[in-house]
>>> print(open('upload33.txt').read())   # compact mmCIF, C-alpha atoms
# COMPACT_ATOMS: atom_id res chain seq x y z
CA MET Q 16 25.15 25.96 -44.00
CA CYS Q 17 23.09 23.31 -45.68
CA ALA Q 18 20.19 24.64 -47.66
CA VAL Q 19 17.95 21.87 -46.47
CA SER Q 20 18.92 20.74 -43.05
CA PHE Q 21 15.72 19.00 -42.17
CA LEU Q 22 13.52 16.72 -44.15
CA ASN Q 23 10.10 18.17 -43.80
CA LEU Q 24 7.20 16.13 -42.70
CA SER Q 25 4.59 18.47 -41.39
CA ILE Q 26 1.74 16.65 -39.82
CA PHE Q 27 -1.22 18.33 -38.26
CA ALA Q 28 -3.71 16.63 -36.05
CA LEU Q 29 -6.78 18.15 -34.53
CA ALA Q 30 -7.37 18.01 -30.82
CA GLY Q 31 -9.95 15.27 -31.05
CA GLU Q 32 -7.56 12.99 -32.82
CA LEU Q 33 -4.78 13.32 -30.34
CA LYS Q 34 -3.98 11.27 -27.33
CA SER Q 35 -3.53 13.49 -24.36
CA ALA Q 36 -0.03 14.11 -23.13
CA ASP Q 37 -0.93 12.41 -19.88
CA ALA Q 38 -1.60 9.20 -21.74
CA LYS Q 39 1.94 8.97 -22.98
CA PRO Q 40 4.16 10.76 -20.51
CA GLY Q 41 7.62 11.55 -21.70
CA SER Q 42 6.89 10.24 -25.13
CA LYS Q 43 9.95 10.20 -27.29
CA ASN Q 44 11.07 13.42 -28.91
CA GLN Q 45 8.01 15.35 -27.88
CA ILE Q 46 8.31 19.00 -27.02
CA GLU Q 47 5.47 20.31 -24.96
CA ILE Q 48 4.56 23.98 -25.26
CA LYS Q 49 3.20 25.07 -21.92
CA ASP Q 50 3.10 28.34 -20.02
CA PHE Q 51 4.85 30.05 -22.94
CA HIS Q 52 7.86 27.73 -22.80
CA PHE Q 53 9.21 24.92 -24.96
CA ASN Q 54 9.80 21.92 -22.74
CA PRO Q 55 12.40 20.54 -22.92
CA GLN Q 56 14.09 23.70 -24.08
CA THR Q 57 16.91 21.67 -25.65
CA LEU Q 58 16.13 18.33 -27.24
CA THR Q 59 18.77 15.97 -28.62
CA VAL Q 60 17.67 13.51 -31.29
CA LYS Q 61 19.23 11.17 -33.82
CA SER Q 62 19.11 12.05 -37.49
CA GLY Q 63 16.04 10.49 -39.07
CA GLU Q 64 13.95 10.64 -35.90
CA LYS Q 65 10.71 12.54 -35.71
CA ILE Q 66 10.24 15.53 -33.43
CA THR Q 67 6.77 16.62 -32.38
CA TRP Q 68 5.70 19.84 -30.70
CA ILE Q 69 2.35 19.92 -28.97
CA ASN Q 70 0.71 23.10 -27.73
CA ARG Q 71 -0.79 22.79 -24.24
CA ASP Q 72 -1.49 26.52 -23.85
CA GLU Q 73 -4.75 28.33 -24.52
CA GLU Q 74 -2.71 30.71 -26.61
CA PRO Q 75 -1.62 29.91 -30.18
CA HIS Q 76 2.08 29.36 -30.73
CA THR Q 77 4.31 28.70 -33.71
CA VAL Q 78 7.57 26.85 -34.28
CA VAL Q 79 9.92 28.81 -36.55
CA SER Q 80 13.57 28.10 -37.30
CA VAL Q 81 15.70 31.15 -36.52
CA GLU Q 82 17.87 30.52 -39.57
CA LYS Q 83 14.95 29.27 -41.67
CA GLN Q 84 16.49 25.79 -41.65
CA PHE Q 85 13.22 23.92 -41.54
CA LYS Q 86 9.69 24.59 -42.56
CA LYS Q 87 7.80 26.71 -40.05
CA SER Q 88 4.57 25.58 -38.50
CA THR Q 89 1.34 27.45 -38.91
CA ALA Q 90 -0.20 28.77 -35.70
CA LEU Q 91 -0.89 25.82 -33.39
CA ASP Q 92 -4.06 26.14 -31.38
CA THR Q 93 -4.57 24.29 -28.11
CA ASP Q 94 -3.62 20.60 -28.40
CA GLN Q 95 -2.52 20.89 -32.00
CA GLU Q 96 0.82 19.44 -32.91
CA PHE Q 97 3.56 19.88 -35.47
CA THR Q 98 6.03 17.23 -36.54
CA ILE Q 99 9.26 17.32 -38.49
CA THR Q 100 11.92 14.71 -39.14
CA ALA Q 101 15.45 15.52 -38.08
CA GLY Q 102 17.90 15.65 -40.97
CA VAL Q 103 21.52 16.73 -41.10
CA PRO Q 104 23.33 16.65 -37.73
CA GLY Q 105 23.81 20.04 -36.14
CA THR Q 106 22.29 22.53 -33.70
CA TYR Q 107 19.07 24.27 -34.65
CA THR Q 108 17.49 27.13 -32.77
CA TYR Q 109 13.84 27.99 -33.16
CA PHE Q 110 11.30 30.37 -31.64
CA CYS Q 111 7.61 31.20 -31.52
CA SER Q 112 7.02 34.01 -34.01
CA VAL Q 113 3.94 35.11 -32.03
CA HIS Q 114 5.80 35.28 -28.71
CA PRO Q 115 9.44 35.66 -29.74
CA LYS Q 116 10.67 35.44 -26.16
CA MET Q 117 9.96 31.72 -26.49
CA THR Q 118 13.01 29.98 -27.90
CA GLY Q 119 14.28 26.41 -28.05
CA THR Q 120 17.08 24.29 -29.48
CA ILE Q 121 17.22 20.98 -31.32
CA VAL Q 122 20.51 19.10 -31.41
CA VAL Q 123 20.63 16.47 -34.16
CA GLU Q 124 23.25 13.74 -33.78
CA LYS Q 125 24.28 11.10 -36.29
CA MET E 12 -14.93 52.00 -5.13
CA SER E 13 -15.51 53.20 -8.59
CA ASP E 14 -14.75 50.90 -11.42
CA TYR E 15 -13.74 53.81 -13.48
CA ILE E 16 -10.48 55.54 -13.71
CA SER E 17 -10.32 59.01 -15.00
CA HIS E 18 -7.09 60.58 -15.76
CA ASP E 19 -6.63 64.16 -16.68
CA HIS E 20 -3.38 65.89 -16.19
CA GLU E 21 -3.89 69.00 -18.17
CA GLN E 22 -2.29 71.07 -15.48
CA ASP E 23 1.20 70.22 -16.39
CA GLY E 24 2.51 70.23 -12.88
CA ILE E 25 4.91 67.47 -13.64
CA ASP E 26 8.27 68.60 -12.55
CA ARG E 27 10.00 65.38 -11.68
CA ARG E 28 13.10 64.51 -13.47
CA GLY E 29 13.10 61.30 -15.38
CA PHE E 30 10.18 58.99 -15.13
CA LEU E 31 6.98 59.16 -13.31
CA GLN E 32 5.54 55.78 -12.98
CA CYS E 33 1.87 55.77 -12.42
CA MET E 34 0.36 52.38 -12.61
CA ALA E 35 -3.11 51.11 -12.33
CA TRP E 36 -3.97 47.47 -11.99
CA ALA E 37 -7.45 46.67 -13.13
CA GLY E 38 -7.51 43.48 -11.14
CA THR E 39 -6.73 44.97 -7.78
CA GLY E 40 -9.22 47.73 -7.36
CA LEU E 41 -8.46 51.29 -8.42
CA LEU E 42 -5.58 52.48 -7.72
CA TRP E 43 -3.41 54.65 -9.13
CA THR E 44 -1.67 57.61 -7.81
CA VAL E 45 -0.24 60.25 -9.90
CA SER E 46 2.62 62.36 -8.82
CA GLY E 47 1.95 65.24 -11.10
CA GLY E 48 -1.16 66.69 -12.58
CA ILE E 49 -4.72 66.14 -11.62
CA LEU E 50 -6.41 62.86 -11.06
CA ALA E 51 -10.14 62.57 -10.86
CA SER E 52 -12.46 59.63 -10.87
CA LYS E 53 -15.83 59.85 -12.43
CA THR E 54 -18.00 57.06 -13.70
CA LEU E 55 -19.76 57.10 -17.01
CA ALA E 56 -22.95 56.75 -14.98
CA GLN E 57 -22.11 59.89 -13.04
CA ILE E 58 -21.48 61.75 -16.23
CA ALA E 59 -24.82 60.61 -17.58
CA LYS E 60 -26.64 61.53 -14.36
CA ALA E 61 -25.18 65.00 -14.31
CA GLY E 62 -26.39 65.40 -17.86
CA GLU E 63 -23.09 66.79 -18.92
CA ALA E 64 -23.30 67.73 -22.53
CA LEU E 65 -19.98 67.87 -24.24
CA PRO E 66 -18.97 71.22 -25.66
CA ALA E 67 -19.12 71.22 -29.43
CA SER E 68 -15.39 71.61 -29.67
CA THR E 69 -14.80 68.38 -27.77
CA LEU E 70 -13.46 65.39 -29.61
CA SER E 71 -14.45 62.13 -28.03
CA PHE E 72 -13.45 58.68 -29.22
CA LEU E 73 -13.38 55.20 -27.82
CA GLN E 74 -10.71 52.57 -27.65
CA ILE E 75 -11.70 48.92 -27.78
CA SER E 76 -9.15 46.17 -27.77
CA ASP E 77 -8.38 42.48 -27.77
CA SER E 78 -11.75 41.11 -28.83
CA HIS E 79 -10.18 37.69 -29.59
CA ILE E 80 -13.22 36.55 -31.55
CA GLY E 81 -12.92 32.77 -31.84
CA PHE E 82 -11.51 32.20 -28.34
CA SER E 83 -13.73 29.76 -26.46
CA LYS E 84 -11.72 28.45 -23.52
CA ASP E 85 -12.53 28.59 -19.82
CA ALA E 86 -11.44 32.17 -19.31
CA ASN E 87 -14.43 33.23 -21.43
CA LYS E 88 -16.41 30.76 -23.46
CA ASP E 89 -18.39 33.47 -25.25
CA VAL E 90 -16.18 36.36 -26.26
CA THR E 91 -18.66 37.41 -28.92
CA ALA E 92 -21.23 38.06 -26.20
CA THR E 93 -18.89 40.22 -24.14
CA PHE E 94 -17.85 42.11 -27.26
CA LYS E 95 -21.55 42.79 -27.88
CA ILE E 96 -21.90 44.09 -24.32
CA ALA E 97 -19.05 46.50 -24.96
CA LEU E 98 -20.85 47.77 -28.05
CA ASP E 99 -24.07 48.10 -26.06
CA ARG E 100 -22.19 50.34 -23.63
CA ILE E 101 -21.05 52.50 -26.51
CA ASN E 102 -24.60 52.70 -27.82
CA ALA E 103 -25.81 53.79 -24.38
CA MET E 104 -23.41 56.70 -24.06
CA PRO E 105 -25.16 60.07 -23.83
CA THR E 106 -22.92 61.50 -26.52
CA PRO E 107 -21.75 58.99 -29.11
CA PRO E 108 -18.02 58.92 -29.70
CA SER E 109 -16.82 60.37 -32.98
CA PHE E 110 -15.10 57.12 -33.87
CA LEU E 111 -13.56 53.98 -32.43
CA ILE E 112 -10.00 52.80 -32.31
CA HIS E 113 -9.42 49.06 -32.14
CA THR E 114 -5.95 48.29 -30.82
CA GLY E 115 -5.67 44.77 -32.18
CA ASP E 116 -6.31 41.10 -31.59
CA ILE E 117 -9.65 41.38 -33.31
CA THR E 118 -9.53 37.59 -33.65
CA GLN E 119 -7.98 34.67 -31.82
CA LEU E 120 -6.54 32.81 -34.82
CA SER E 121 -6.73 35.18 -37.83
CA LYS E 122 -9.46 33.02 -39.38
CA PRO E 123 -11.70 34.60 -42.04
CA GLU E 124 -14.80 33.42 -40.18
CA GLU E 125 -13.58 35.09 -37.00
CA PHE E 126 -13.12 38.38 -38.83
CA ASP E 127 -16.59 37.84 -40.35
CA THR E 128 -18.15 37.43 -36.90
CA PHE E 129 -16.43 40.56 -35.64
CA ASP E 130 -17.62 42.61 -38.61
CA GLU E 131 -21.17 41.31 -38.26
CA VAL E 132 -21.39 42.11 -34.54
CA LEU E 133 -19.84 45.53 -35.06
CA LYS E 134 -22.80 46.46 -37.27
CA SER E 135 -24.88 46.78 -34.09
CA CYS E 136 -22.70 49.66 -32.91
CA ARG E 137 -24.05 53.10 -33.70
CA THR E 138 -20.49 54.29 -34.13
CA ASN E 139 -19.07 52.07 -36.80
CA ASP E 140 -16.31 54.37 -37.90
CA VAL E 141 -13.29 52.38 -36.72
CA PHE E 142 -9.55 52.80 -37.06
CA TYR E 143 -7.52 49.62 -36.60
CA VAL E 144 -4.05 48.41 -35.82
CA PRO E 145 -3.29 44.68 -35.88
CA GLY E 146 -2.46 42.43 -32.96
CA GLU E 147 -0.27 39.37 -33.36
CA HIS E 148 -3.40 37.23 -33.37
CA ASP E 149 -4.62 38.99 -36.51
CA VAL E 150 -1.54 38.25 -38.61
CA LEU E 151 -0.76 34.67 -37.61
CA ASN E 152 -0.26 32.88 -40.90
CA ASP E 153 -0.29 35.38 -43.74
CA GLY E 154 1.81 38.29 -42.50
CA GLY E 155 -1.35 40.35 -42.08
CA LYS E 156 -2.67 40.33 -45.65
CA LEU E 157 -6.23 39.40 -44.72
CA TYR E 158 -6.24 42.00 -41.95
CA ARG E 159 -4.96 44.74 -44.28
CA ASP E 160 -7.45 43.84 -47.02
CA ARG E 161 -10.32 44.24 -44.58
CA TYR E 162 -9.45 47.01 -42.19
CA LEU E 163 -7.33 49.61 -43.93
CA LYS E 164 -9.70 50.64 -46.69
CA ARG E 165 -10.43 54.06 -45.23
CA VAL E 166 -6.87 55.12 -44.48
CA GLU E 167 -3.78 55.69 -46.55
CA ALA E 168 -1.73 52.90 -45.06
CA LYS E 169 1.96 52.44 -45.70
CA GLY E 170 4.22 49.41 -45.40
CA SER E 171 2.67 46.65 -43.31
CA GLY E 172 -0.26 48.89 -42.39
CA TRP E 173 0.77 52.03 -40.50
CA TYR E 174 -0.88 55.39 -41.12
CA SER E 175 -1.81 58.74 -39.65
CA PHE E 176 -4.78 61.08 -39.82
CA ASN E 177 -6.04 64.32 -38.27
CA LYS E 178 -9.25 64.95 -36.34
CA ASN E 179 -10.20 68.20 -34.61
CA GLY E 180 -6.61 69.35 -34.58
CA VAL E 181 -5.34 66.12 -33.03
CA HIS E 182 -2.82 64.07 -35.01
CA PHE E 183 -3.44 60.32 -34.78
CA ILE E 184 -0.79 57.74 -35.63
CA GLY E 185 -1.55 54.02 -35.97
CA LEU E 186 1.56 51.85 -35.73
CA VAL E 187 2.23 48.16 -36.41
CA ASN E 188 4.53 46.37 -33.95
CA VAL E 189 3.48 42.73 -34.31
CA LEU E 190 5.21 41.70 -37.53
CA ASN E 191 8.67 40.35 -38.37
CA LEU E 192 9.40 39.70 -34.72
CA GLN E 193 12.89 38.45 -33.95
CA ALA E 194 13.79 35.40 -31.85
CA GLY E 195 14.24 36.39 -28.23
CA GLY E 196 12.88 39.87 -28.83
CA LEU E 197 9.85 42.03 -28.13
CA GLY E 198 7.37 43.85 -30.34
CA GLN E 199 9.04 45.71 -33.15
CA LEU E 200 8.35 48.69 -35.39
CA GLY E 201 11.28 48.37 -37.79
CA ASP E 202 13.38 50.92 -39.64
CA GLU E 203 10.97 51.59 -42.49
CA GLN E 204 8.11 52.47 -40.14
CA LEU E 205 10.34 54.55 -37.88
CA GLU E 206 11.62 56.56 -40.84
CA TRP E 207 8.07 57.13 -41.95
CA LEU E 208 7.13 58.29 -38.44
CA GLU E 209 9.99 60.76 -38.31
CA THR E 210 8.84 62.30 -41.58
CA ASP E 211 5.17 62.15 -40.64
CA VAL E 212 5.53 64.35 -37.58
CA LYS E 213 8.31 66.59 -38.85
CA GLY E 214 6.08 69.39 -40.12
CA LEU E 215 3.75 69.47 -37.13
CA SER E 216 3.82 72.25 -34.61
CA ALA E 217 4.88 71.20 -31.11
CA ASP E 218 1.49 72.15 -29.67
CA THR E 219 -0.33 69.64 -31.85
CA PRO E 220 -1.79 66.97 -29.56
CA ILE E 221 -0.56 63.55 -30.65
CA VAL E 222 -2.32 60.23 -30.15
CA VAL E 223 -0.32 57.12 -30.98
CA PHE E 224 -1.99 53.74 -30.98
CA ALA E 225 -0.46 50.30 -31.45
CA HIS E 226 -1.15 46.81 -30.14
CA ILE E 227 1.86 45.93 -28.01
CA PRO E 228 2.79 48.56 -25.41
CA LEU E 229 5.30 51.11 -26.69
CA TRP E 230 7.04 51.09 -23.32
CA THR E 231 8.62 48.21 -21.52
CA VAL E 232 5.92 46.86 -19.24
CA TYR E 233 7.43 43.44 -18.60
CA PRO E 234 10.06 42.16 -21.02
CA GLU E 235 10.04 38.65 -19.52
CA TRP E 236 6.59 38.26 -21.06
CA GLY E 237 7.42 40.16 -24.21
CA TRP E 238 5.35 43.14 -23.06
CA GLY E 239 7.24 45.90 -24.74
CA THR E 240 8.54 47.10 -28.11
CA SER E 241 12.27 46.85 -28.76
CA ASP E 242 12.63 50.02 -30.83
CA SER E 243 9.92 52.15 -29.24
CA GLU E 244 12.48 54.53 -27.71
CA ARG E 245 13.38 55.73 -31.18
CA ALA E 246 9.73 56.36 -31.98
CA LEU E 247 9.20 58.26 -28.74
CA GLY E 248 12.30 60.30 -29.50
CA TYR E 249 10.51 61.77 -32.52
CA LEU E 250 7.57 62.71 -30.29
CA LYS E 251 9.35 64.19 -27.28
CA ARG E 252 9.13 67.76 -28.56
CA PHE E 253 5.33 67.68 -28.51
CA GLY E 254 3.47 69.11 -25.55
CA SER E 255 0.92 66.32 -25.34
CA VAL E 256 1.41 62.76 -26.48
CA THR E 257 -1.08 60.04 -25.57
CA VAL E 258 -0.05 56.46 -26.31
CA LEU E 259 -2.86 53.90 -26.38
CA ASN E 260 -2.04 50.19 -26.41
CA GLY E 261 -3.74 46.84 -25.88
CA HIS E 262 -2.18 43.37 -25.72
CA ILE E 263 -1.92 42.98 -21.95
CA HIS E 264 -5.66 42.95 -21.18
CA GLN E 265 -5.48 45.24 -18.18
CA VAL E 266 -5.28 48.92 -17.43
CA LEU E 267 -1.82 50.21 -16.85
CA GLN E 268 -0.63 53.76 -16.98
CA LYS E 269 2.61 55.58 -16.95
CA VAL E 270 3.55 59.20 -17.44
CA GLU E 271 6.93 60.13 -18.76
CA GLY E 272 7.44 63.81 -19.38
CA ASN E 273 4.66 64.90 -21.71
CA ILE E 274 3.95 61.36 -22.84
CA THR E 275 1.13 59.41 -21.22
CA PHE E 276 1.06 55.67 -21.81
CA HIS E 277 -2.16 53.79 -21.35
CA THR E 278 -3.19 50.18 -21.93
CA ALA E 279 -6.81 49.10 -22.25
CA MET E 280 -8.79 46.19 -20.94
CA SER E 281 -9.83 43.44 -23.33
CA THR E 282 -13.43 42.70 -24.23
CA ALA E 283 -12.62 38.97 -24.08
CA PHE E 284 -10.61 37.88 -21.03
CA PRO E 285 -8.20 39.34 -18.49
CA GLN E 286 -4.51 38.58 -18.26
CA PRO E 287 -2.47 38.44 -15.07
CA ALA E 288 -0.53 41.38 -13.68
CA PRO E 289 3.09 41.22 -14.83
CA GLY E 290 4.98 38.41 -13.12
CA SER E 291 2.02 37.32 -11.01
CA ALA E 292 1.49 34.03 -12.84
CA PRO E 293 3.65 31.39 -14.55
CA SER E 294 2.74 32.85 -17.93
CA PRO E 295 0.75 35.70 -19.48
CA GLY E 296 -1.94 33.29 -20.72
CA PRO E 297 -5.67 33.97 -20.26
CA MET E 298 -6.58 34.48 -16.60
CA LYS E 299 -9.48 32.46 -15.30
CA VAL E 300 -11.67 34.35 -12.85
CA PRO E 301 -15.04 33.46 -11.34
CA THR E 302 -17.85 34.00 -13.85
CA GLU E 303 -19.43 36.72 -11.76
CA LYS E 304 -16.17 38.62 -11.75
CA LEU E 305 -15.32 38.35 -15.43
CA ARG E 306 -17.14 41.41 -16.68
CA SER E 307 -15.55 43.62 -14.07
CA MET E 308 -12.22 42.81 -15.70
CA LEU E 309 -13.28 43.53 -19.26
CA GLY E 310 -13.87 46.97 -20.61
CA LEU E 311 -13.22 49.83 -22.92
CA THR E 312 -11.55 53.20 -22.82
CA SER E 313 -13.03 56.58 -23.57
CA VAL E 314 -10.83 59.49 -24.57
CA LYS E 315 -11.85 63.13 -24.73
CA TYR E 316 -10.04 66.13 -25.99
CA LEU E 317 -11.27 69.64 -25.49
CA GLN E 318 -9.80 71.97 -28.01
CA GLY E 319 -7.46 74.45 -26.42
CA LYS E 320 -6.54 72.13 -23.57
CA SER E 321 -3.11 70.66 -23.53
CA SER E 322 -3.93 67.05 -22.90
CA LEU E 323 -6.52 64.36 -23.23
CA ALA E 324 -8.70 62.76 -20.58
CA VAL E 325 -8.64 58.98 -20.56
CA VAL E 326 -11.44 57.08 -18.82
CA ASP E 327 -11.62 53.32 -18.46
CA SER E 328 -14.91 51.61 -17.79
CA ASN E 329 -15.57 47.95 -17.22
CA LEU E 330 -18.45 45.82 -18.46
CA SER E 331 -20.01 44.87 -15.14
>>> encode(input="upload33.txt", output="structure tokens")
Amino acid sequence: MCAVSFLNLSIFALAGELKSADAKPGSKNQIEIKDFHFNPQTLTVKSGEKITWINRDEEPHTVVSVEKQFKKSTALDTDQEFTITAGVPGTYTYFCSVHPKMTGTIVVEK
Amino acid sequence: MSDYISHDHEQDGIDRRGFLQCMAWAGTGLLWTVSGGILASKTLAQIAKAGEALPASTLSFLQISDSHIGFSKDANKDVTATFKIALDRINAMPTPPSFLIHTGDITQLSKPEEFDTFDEVLKSCRTNDVFYVPGEHDVLNDGGKLYRDRYLKRVEAKGSGWYSFNKNGVHFIGLVNVLNLQAGGLGQLGDEQLEWLETDVKGLSADTPIVVFAHIPLWTVYPEWGWGTSDSERALGYLKRFGSVTVLNGHIHQVLQKVEGNITFHTAMSTAFPQPAPGSAPSPGPMKVPTEKLRSMLGLTSVKYLQGKSSLAVVDSNLS
């Protein structure tokens, strides 16, 4: 297992600085957190692409790699987002450490 | 219908094998039936009117839970105000409780200023002797360090913050089940805490009343929403030999009760916002109710123990 599988680029933006999800439906590589689910639950990206999670719940959520393969987010409040850049190809599972029933998968292709 | 639920099953007429499931849904009126023991409803107002003075040997304490200071969404834009109302209710009780137990989610986002607000508002309560356990909202980014620094000064806490103490012959145990959660799992106590628990209760006589409090329910309420604790069975195994065990939890923002042998499980209302009954909504997120209805779905829990009796009486009251 690679020690560093993802290049980390953690970017936080406050609610006021964000465009709403409605303004850019289906925007590339965006994972929406809504109703205590990661959507899409499995996202396939190319290495080097950015992946952004955005929390649409009124409850805080986190994004944490199960195998600690990428830097974890801090707690994301409503409309806050978290971005990483996909690194080494492979399959990465992650979960919300606040609500561990919430899990998701990132597949990184070359 | 009364907004209050009183539960007192000191006549241990429970003879059913296995599990007795006695559930109360705060959102649907009152409502619970018990298959063993005695059930009586009495409001705090009725108690006050009757001028019932508590016998000196009675221990009375109050559970408050899920204050979520810092939350400001539609479900309740002013959680500080409703928390204050809960404290006003405590201040208005004819006999002040000996102490309070807060079963976690003091804050919404574990922010220092949220803890500050909570502490400041709590000063208005005439009973400011409080025992805490953390909710997942209190340990979001630092593994609970800030929480422990603030709220465990008066107890001899072990590990990530668990402890026990004795009052009036009752043994109280505060457990932590919101840390080091595993992907796909539920709340968790962990081996170190469980080993401590086993040792903690080992020397106690079986007729010692036990009160266990923790944030996430120590029984499986609804695993699909994470409402349970994966290793709680082991904890309860250490407590099965006791004649009276009362388990007080928060987390699910509604009253729910279950009796299993000599163990009574009880969850409290929040002082901030209600959550949906298990499975009744797409997610367990904050439940929006009409403003005029909100306070009827927030509340606190009073617990009384009369020395010599075998169990504790648990009374929920709402804030309307």
>>> interface_residues(input="upload33.txt", of="chain Q", to="chain E", cutoff="12 Å", atoms="all atoms listed in the file", output="ChimeraX atom specification")
/Q:48-52,71-83,87-93,108-120
>>> atom_distance(input="upload33.txt", atom1="atom CA of Gly290 of chain E", atom2="atom CA of Thr231 of chain E")
13.4 Å
>>> atom_distance(input="upload33.txt", atom1="atom CA of Val223 of chain E", atom2="atom CA of Thr138 of chain E")
20.6 Å
>>> closest_residue(input="upload33.txt", among="E:Leu267, E:Ile80, E:Val166, E:Ile75", to="Ala97 of chain E", atoms="only C-alpha atoms")
E:Ile75
>>> axis_aligned_box(input="upload33.txt", around="segment 66-71 of chain Q", padding_each_side="6 Å", output="lines of an AutoDock Vina configuration file")
center_x = 4.7
center_y = 19.3
center_z = -28.8
size_x = 23.0
size_y = 19.6
size_z = 21.2
>>> atom_distance(input="upload33.txt", atom1="atom CA of Gly115 of chain E", atom2="atom CA of Ser331 of chain E")
22.3 Å
>>> residues_around(input="upload33.txt", residues="Glu303 of chain E", least_positions_apart="3", cutoff="12 Å", atoms="all atoms listed in the file", output="list in words")
Ala86, Asn87, Lys299, Val300, Arg306, Ser307, Met308, Leu309, Leu330 and Ser331 of chain E
>>> residues_around(input="upload33.txt", residues="Gly172 of chain E", least_positions_apart="5", cutoff="10 Å", atoms="only C-alpha atoms", output="PyMOL selection string")
chain E and resi 143-145+155-156+158-160+162-163+166-167+185-187+204
>>> write_last_selection(input="upload33.txt", atoms="C-alpha atoms", output="compact mmCIF listing (two decimals), keeping the file's coordinate frame")
# COMPACT_ATOMS: atom_id res chain seq x y z
CA TYR E 143 -7.52 49.62 -36.60
CA VAL E 144 -4.05 48.41 -35.82
CA PRO E 145 -3.29 44.68 -35.88
CA GLY E 155 -1.35 40.35 -42.08
CA LYS E 156 -2.67 40.33 -45.65
CA TYR E 158 -6.24 42.00 -41.95
CA ARG E 159 -4.96 44.74 -44.28
CA ASP E 160 -7.45 43.84 -47.02
CA TYR E 162 -9.45 47.01 -42.19
CA LEU E 163 -7.33 49.61 -43.93
CA VAL E 166 -6.87 55.12 -44.48
CA GLU E 167 -3.78 55.69 -46.55
CA GLY E 185 -1.55 54.02 -35.97
CA LEU E 186 1.56 51.85 -35.73
CA VAL E 187 2.23 48.16 -36.41
CA GLN E 204 8.11 52.47 -40.14
>>> residues_near_point(input="upload33.txt", point="(16.5, 15.6, -26.5)", cutoff="12 Å", atoms="all atoms listed in the file", output="number ranges by chain")
Q: 41-46, 53-62, 64-67, 101, 106, 119-124
>>> decode(input="upload33.txt", residues="segment 113-125 of chain Q", atoms="N, CA and C atoms", output="CSV table (one decimal), in the first residue's frame")
chain,number,residue,atom,x,y,z
Q,113,VAL,N,-18.3,10.9,12.2
Q,113,VAL,CA,-19.4,11.3,13.1
Q,113,VAL,C,-20.6,10.3,13.0
Q,114,HIS,N,-20.8,9.9,11.8
Q,114,HIS,CA,-21.9,9.0,11.5
Q,114,HIS,C,-21.4,7.8,10.7
Q,115,PRO,N,-20.7,6.9,11.4
Q,115,PRO,CA,-19.9,5.9,10.7
Q,115,PRO,C,-20.7,5.0,9.7
Q,116,LYS,N,-22.0,5.0,9.8
Q,116,LYS,CA,-22.8,4.2,8.9
Q,116,LYS,C,-22.7,4.8,7.5
Q,117,MET,N,-22.3,6.0,7.4
Q,117,MET,CA,-22.1,6.7,6.1
Q,117,MET,C,-20.8,6.3,5.5
Q,118,THR,N,-20.8,5.6,4.4
Q,118,THR,CA,-19.5,5.2,3.7
Q,118,THR,C,-19.6,5.5,2.2
Q,119,GLY,N,-18.5,5.6,1.6
Q,119,GLY,CA,-18.4,5.8,0.2
Q,119,GLY,C,-17.1,5.3,-0.4
Q,120,THR,N,-17.0,5.3,-1.7
Q,120,THR,CA,-15.8,4.8,-2.4
Q,120,THR,C,-15.4,5.7,-3.5
Q,121,ILE,N,-14.1,5.9,-3.6
Q,121,ILE,CA,-13.5,6.6,-4.7
Q,121,ILE,C,-12.6,5.6,-5.5
Q,122,VAL,N,-12.9,5.5,-6.8
Q,122,VAL,CA,-12.1,4.7,-7.7
Q,122,VAL,C,-11.2,5.7,-8.5
Q,123,VAL,N,-9.9,5.6,-8.4
Q,123,VAL,CA,-9.0,6.4,-9.2
Q,123,VAL,C,-8.4,5.6,-10.3
Q,124,GLU,N,-8.7,6.1,-11.6
Q,124,GLU,CA,-8.1,5.4,-12.7
Q,124,GLU,C,-6.9,6.3,-13.3
Q,125,LYS,N,-6.1,5.6,-14.1
Q,125,LYS,CA,-5.0,6.3,-14.7
Q,125,LYS,C,-5.4,7.5,-15.6
